[in-house]
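K.L.:
The structure under discussion is supplied below as structure tokens; questions concerning it will follow.
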Amino acid sequence: MKNKEHTRQVRDTVVKKFKAGFGYKKISQALNIPRSTVQAIILKWKDYQTTANLPRPGRPSKLSAHTRRRLIRDAAKRPMITLDELQRSTAEVGDSVHRTTISRILHKSGLYGRIGKKKAIS
């Protein structure tokens with residue numbers, strides 16, 4: 001899974017060195033980036049004739065990773081907190097989202113709103 005994009009300048013340098021006749025290994029050693037990354041940049045350049053970042057599929061996330069972590073931390077710290085309270089706390093940060101969005105984020109992290117069954121004491 002890719003987790004870091006290289007700058008346009010680095011990608012252009014990789015392609016320039018490839019055109020000059022350098023191999024993947026030499027390029028990766030010269031620029032101090034993994035050989036597989038060099039290979040991915042060159043294959044993308046061969047397919048699309050560009051080193052620009054292409055648009056990705058899907059809608060961008062409404063919440064940042066920081067806000068998502070904060071929501072999960074708040075919900076885990078206070079199990080009785082309501083979705084409305086969580087919604088207000090995210091609005092204070094600057095991200096206004098719907099309650100179902102918050103619920104979906106909590107469900108993905110394994111937090112569900114369940115109530116324990118009442119047991120008769122005998």
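By order of appearance in the structure tokens: chains A, B, ..., then residues from 1 within every chain, and ligands from 1 in the order shown.
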Which residues are close to Arg73 in chain A, i.e. within 12 Å by only C-alpha atoms, leaving aside same-chain residues fewer than 3 positions away? Reply as a ChimeraX atom specification.
P.N.:
/A:66-70,76-79,81,86,105-106,109,111
K.L.:
Got a sec: who's within 8 Å of range 94-103 of chain A, counting only C-alpha atoms, leaving out chain neighbours fewer than 3 positions off, as a list in words?
P.N.:
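Within the cut-off, the hits are Lys62, Leu63, Leu71, Leu83, Asp84, Leu86, Gln87, Thr90, Ala91, Leu106 and His107 of chain A.
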K.L.:
Go ahead and write the selection's residues with all heavy atoms as an mmCIF file, in the first residue's frame.
P.N.:
data_model
loop_
_atom_site.group_PDB
_atom_site.id
_atom_site.type_symbol
_atom_site.label_atom_id
_atom_site.label_comp_id
_atom_site.auth_asym_id
_atom_site.auth_seq_id
_atom_site.Cartn_x
_atom_site.Cartn_y
_atom_site.Cartn_z
ATOM 1 N N LYS A 62 -14.641 13.178 4.459
ATOM 2 C CA LYS A 62 -15.138 14.429 5.032
ATOM 3 C C LYS A 62 -14.301 14.855 6.247
ATOM 4 O O LYS A 62 -14.103 16.042 6.485
ATOM 5 C CB LYS A 62 -16.598 14.206 5.452
ATOM 6 C CG LYS A 62 -17.327 15.426 5.874
ATOM 7 C CD LYS A 62 -18.051 16.069 4.747
ATOM 8 C CE LYS A 62 -19.023 17.106 5.289
ATOM 9 N NZ LYS A 62 -19.227 18.193 4.387
ATOM 10 N N LEU A 63 -13.822 13.863 7.012
ATOM 11 C CA LEU A 63 -13.038 14.152 8.207
ATOM 12 C C LEU A 63 -11.562 13.863 7.982
ATOM 13 O O LEU A 63 -11.209 12.917 7.278
ATOM 14 C CB LEU A 63 -13.521 13.292 9.373
ATOM 15 C CG LEU A 63 -14.870 13.649 9.974
ATOM 16 C CD1 LEU A 63 -15.234 12.652 11.053
ATOM 17 C CD2 LEU A 63 -14.870 15.043 10.531
ATOM 18 N N LEU A 71 -12.327 11.484 17.531
ATOM 19 C CA LEU A 71 -13.665 10.948 17.751
ATOM 20 C C LEU A 71 -13.605 9.581 18.429
ATOM 21 O O LEU A 71 -14.319 9.319 19.397
ATOM 22 C CB LEU A 71 -14.383 10.782 16.407
ATOM 23 C CG LEU A 71 -15.243 11.915 15.909
ATOM 24 C CD1 LEU A 71 -15.759 11.596 14.526
ATOM 25 C CD2 LEU A 71 -16.365 12.192 16.852
ATOM 26 N N LEU A 83 -24.099 10.640 20.159
ATOM 27 C CA LEU A 83 -23.637 11.083 18.844
ATOM 28 C C LEU A 83 -23.770 12.596 18.704
ATOM 29 O O LEU A 83 -22.939 13.239 18.051
ATOM 30 C CB LEU A 83 -24.416 10.379 17.733
ATOM 31 C CG LEU A 83 -24.104 8.904 17.528
ATOM 32 C CD1 LEU A 83 -25.029 8.312 16.483
ATOM 33 C CD2 LEU A 83 -22.661 8.720 17.100
ATOM 34 N N ASP A 84 -24.809 13.167 19.317
ATOM 35 C CA ASP A 84 -24.976 14.627 19.248
ATOM 36 C C ASP A 84 -23.823 15.354 19.927
ATOM 37 O O ASP A 84 -23.346 16.380 19.430
ATOM 38 C CB ASP A 84 -26.302 15.042 19.896
ATOM 39 C CG ASP A 84 -27.499 14.645 19.046
ATOM 40 O OD1 ASP A 84 -27.348 14.647 17.804
ATOM 41 O OD2 ASP A 84 -28.551 14.324 19.614
ATOM 42 N N LEU A 86 -20.776 14.169 20.295
ATOM 43 C CA LEU A 86 -19.613 14.001 19.418
ATOM 44 C C LEU A 86 -19.703 14.938 18.211
ATOM 45 O O LEU A 86 -18.705 15.495 17.764
ATOM 46 C CB LEU A 86 -19.500 12.548 18.949
ATOM 47 C CG LEU A 86 -19.051 11.540 19.998
ATOM 48 C CD1 LEU A 86 -19.181 10.128 19.480
ATOM 49 C CD2 LEU A 86 -17.622 11.815 20.424
ATOM 50 N N GLN A 87 -20.924 15.121 17.708
ATOM 51 C CA GLN A 87 -21.133 16.011 16.567
ATOM 52 C C GLN A 87 -20.778 17.455 16.939
ATOM 53 O O GLN A 87 -20.132 18.158 16.165
ATOM 54 C CB GLN A 87 -22.591 15.916 16.120
ATOM 55 C CG GLN A 87 -22.900 16.646 14.836
ATOM 56 C CD GLN A 87 -24.352 16.486 14.431
ATOM 57 O OE1 GLN A 87 -25.202 16.146 15.248
ATOM 58 N NE2 GLN A 87 -24.632 16.736 13.175
ATOM 59 N N THR A 90 -16.967 17.842 17.147
ATOM 60 C CA THR A 90 -16.298 17.965 15.841
ATOM 61 C C THR A 90 -16.595 19.320 15.206
ATOM 62 O O THR A 90 -15.750 19.870 14.501
ATOM 63 C CB THR A 90 -16.735 16.847 14.869
ATOM 64 O OG1 THR A 90 -18.151 16.859 14.744
ATOM 65 C CG2 THR A 90 -16.251 15.504 15.319
ATOM 66 N N ALA A 91 -17.780 19.874 15.479
ATOM 67 C CA ALA A 91 -18.105 21.200 14.950
ATOM 68 C C ALA A 91 -17.202 22.256 15.569
ATOM 69 O O ALA A 91 -16.836 23.241 14.912
ATOM 70 C CB ALA A 91 -19.568 21.534 15.209
ATOM 71 N N LEU A 106 -17.225 5.279 13.893
ATOM 72 C CA LEU A 106 -17.107 4.494 15.121
ATOM 73 C C LEU A 106 -17.306 3.002 14.838
ATOM 74 O O LEU A 106 -16.606 2.155 15.394
ATOM 75 C CB LEU A 106 -18.105 4.978 16.173
ATOM 76 C CG LEU A 106 -17.878 6.405 16.691
ATOM 77 C CD1 LEU A 106 -18.980 6.789 17.660
ATOM 78 C CD2 LEU A 106 -16.519 6.548 17.323
ATOM 79 N N HIS A 107 -18.248 2.673 13.957
ATOM 80 C CA HIS A 107 -18.478 1.266 13.611
ATOM 81 C C HIS A 107 -17.263 0.664 12.919
ATOM 82 O O HIS A 107 -16.901 -0.482 13.186
ATOM 83 C CB HIS A 107 -19.706 1.128 12.717
ATOM 84 C CG HIS A 107 -20.997 1.332 13.445
ATOM 85 N ND1 HIS A 107 -22.217 1.249 12.823
ATOM 86 C CD2 HIS A 107 -21.262 1.634 14.730
ATOM 87 C CE1 HIS A 107 -23.169 1.471 13.702
ATOM 88 N NE2 HIS A 107 -22.611 1.730 14.874
#
K.L.:
Name the residues in contact with Ile115 in chain A at a cut-off of 12 Å, using only C-alpha atoms, excluding same-chain residues fewer than 3 positions from it; report them as an MDAnalysis selection string.
P.N.:
chainID A and resid 79:80 112 118
K.L.:
Have a look at A:Thr82, A:Ser64, A:Asn32, A:Asn53 and name the one nearest to Thr7 in chain A; count only C-alpha atoms.
P.N.:
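Among the listed residues, the smallest separation from Thr7 in chain A belongs to A:Asn53.
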K.L.:
Please indicate the distance in Å from CA of Ser89 in chain A to CA of Arg59 in chain A, rounded to one decimal place.
P.N.:
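For CA of Ser89 in chain A relative to CA of Arg59 in chain A, the distance reads 23.7 Å.
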K.L.:
Based on DSSP run over this structure's backbone, return all residues of range 15-102 of chain A in helix (DSSP H, G or I), as a VMD selection string.
P.N.:
chain A and resid 15 to 19 24 to 31 35 to 48 65 to 77 83 to 93 99 to 102
K.L.:
Distance CA of Pro55 in chain A-CA of Glu5 in chain A, one decimal place?
P.N.:
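Between CA of Pro55 in chain A and CA of Glu5 in chain A the gap works out to 13.2 Å.
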K.L.:
Rounded to one decimal in Å, what is the spacing between CA of Lys25 in chain A and CA of Val38 in chain A?
P.N.:
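Between CA of Lys25 in chain A and CA of Val38 in chain A the gap works out to 8.4 Å.
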K.L.:
I'd like the contact shell of range 19-21 of chain A - 12 Å cut-off, only C-alpha atoms, skipping same-chain residues fewer than 5 positions apart - returned as number ranges by chain.
P.N.:
A: 12-14, 26-27, 42, 45-46
K.L.:
Quick one: write out the picked residues with C-alpha atoms as a PDB file, in the first residue's frame?
P.N.:
ATOM      1  CA  ASP A  12      10.751  14.100 -13.196  1.00  0.00           C
ATOM      2  CA  THR A  13      14.338  13.356 -12.136  1.00  0.00           C
ATOM      3  CA  VAL A  14      13.615   9.613 -12.165  1.00  0.00           C
ATOM      4  CA  LYS A  26      21.260   2.954 -10.285  1.00  0.00           C
ATOM      5  CA  ILE A  27      18.414   5.469 -10.168  1.00  0.00           C
ATOM      6  CA  ILE A  42       8.605   4.758 -14.801  1.00  0.00           C
ATOM      7  CA  TRP A  45       5.213   7.495 -17.132  1.00  0.00           C
ATOM      8  CA  LYS A  46       5.217   4.867 -19.915  1.00  0.00           C
TER       9      LYS A  46
END
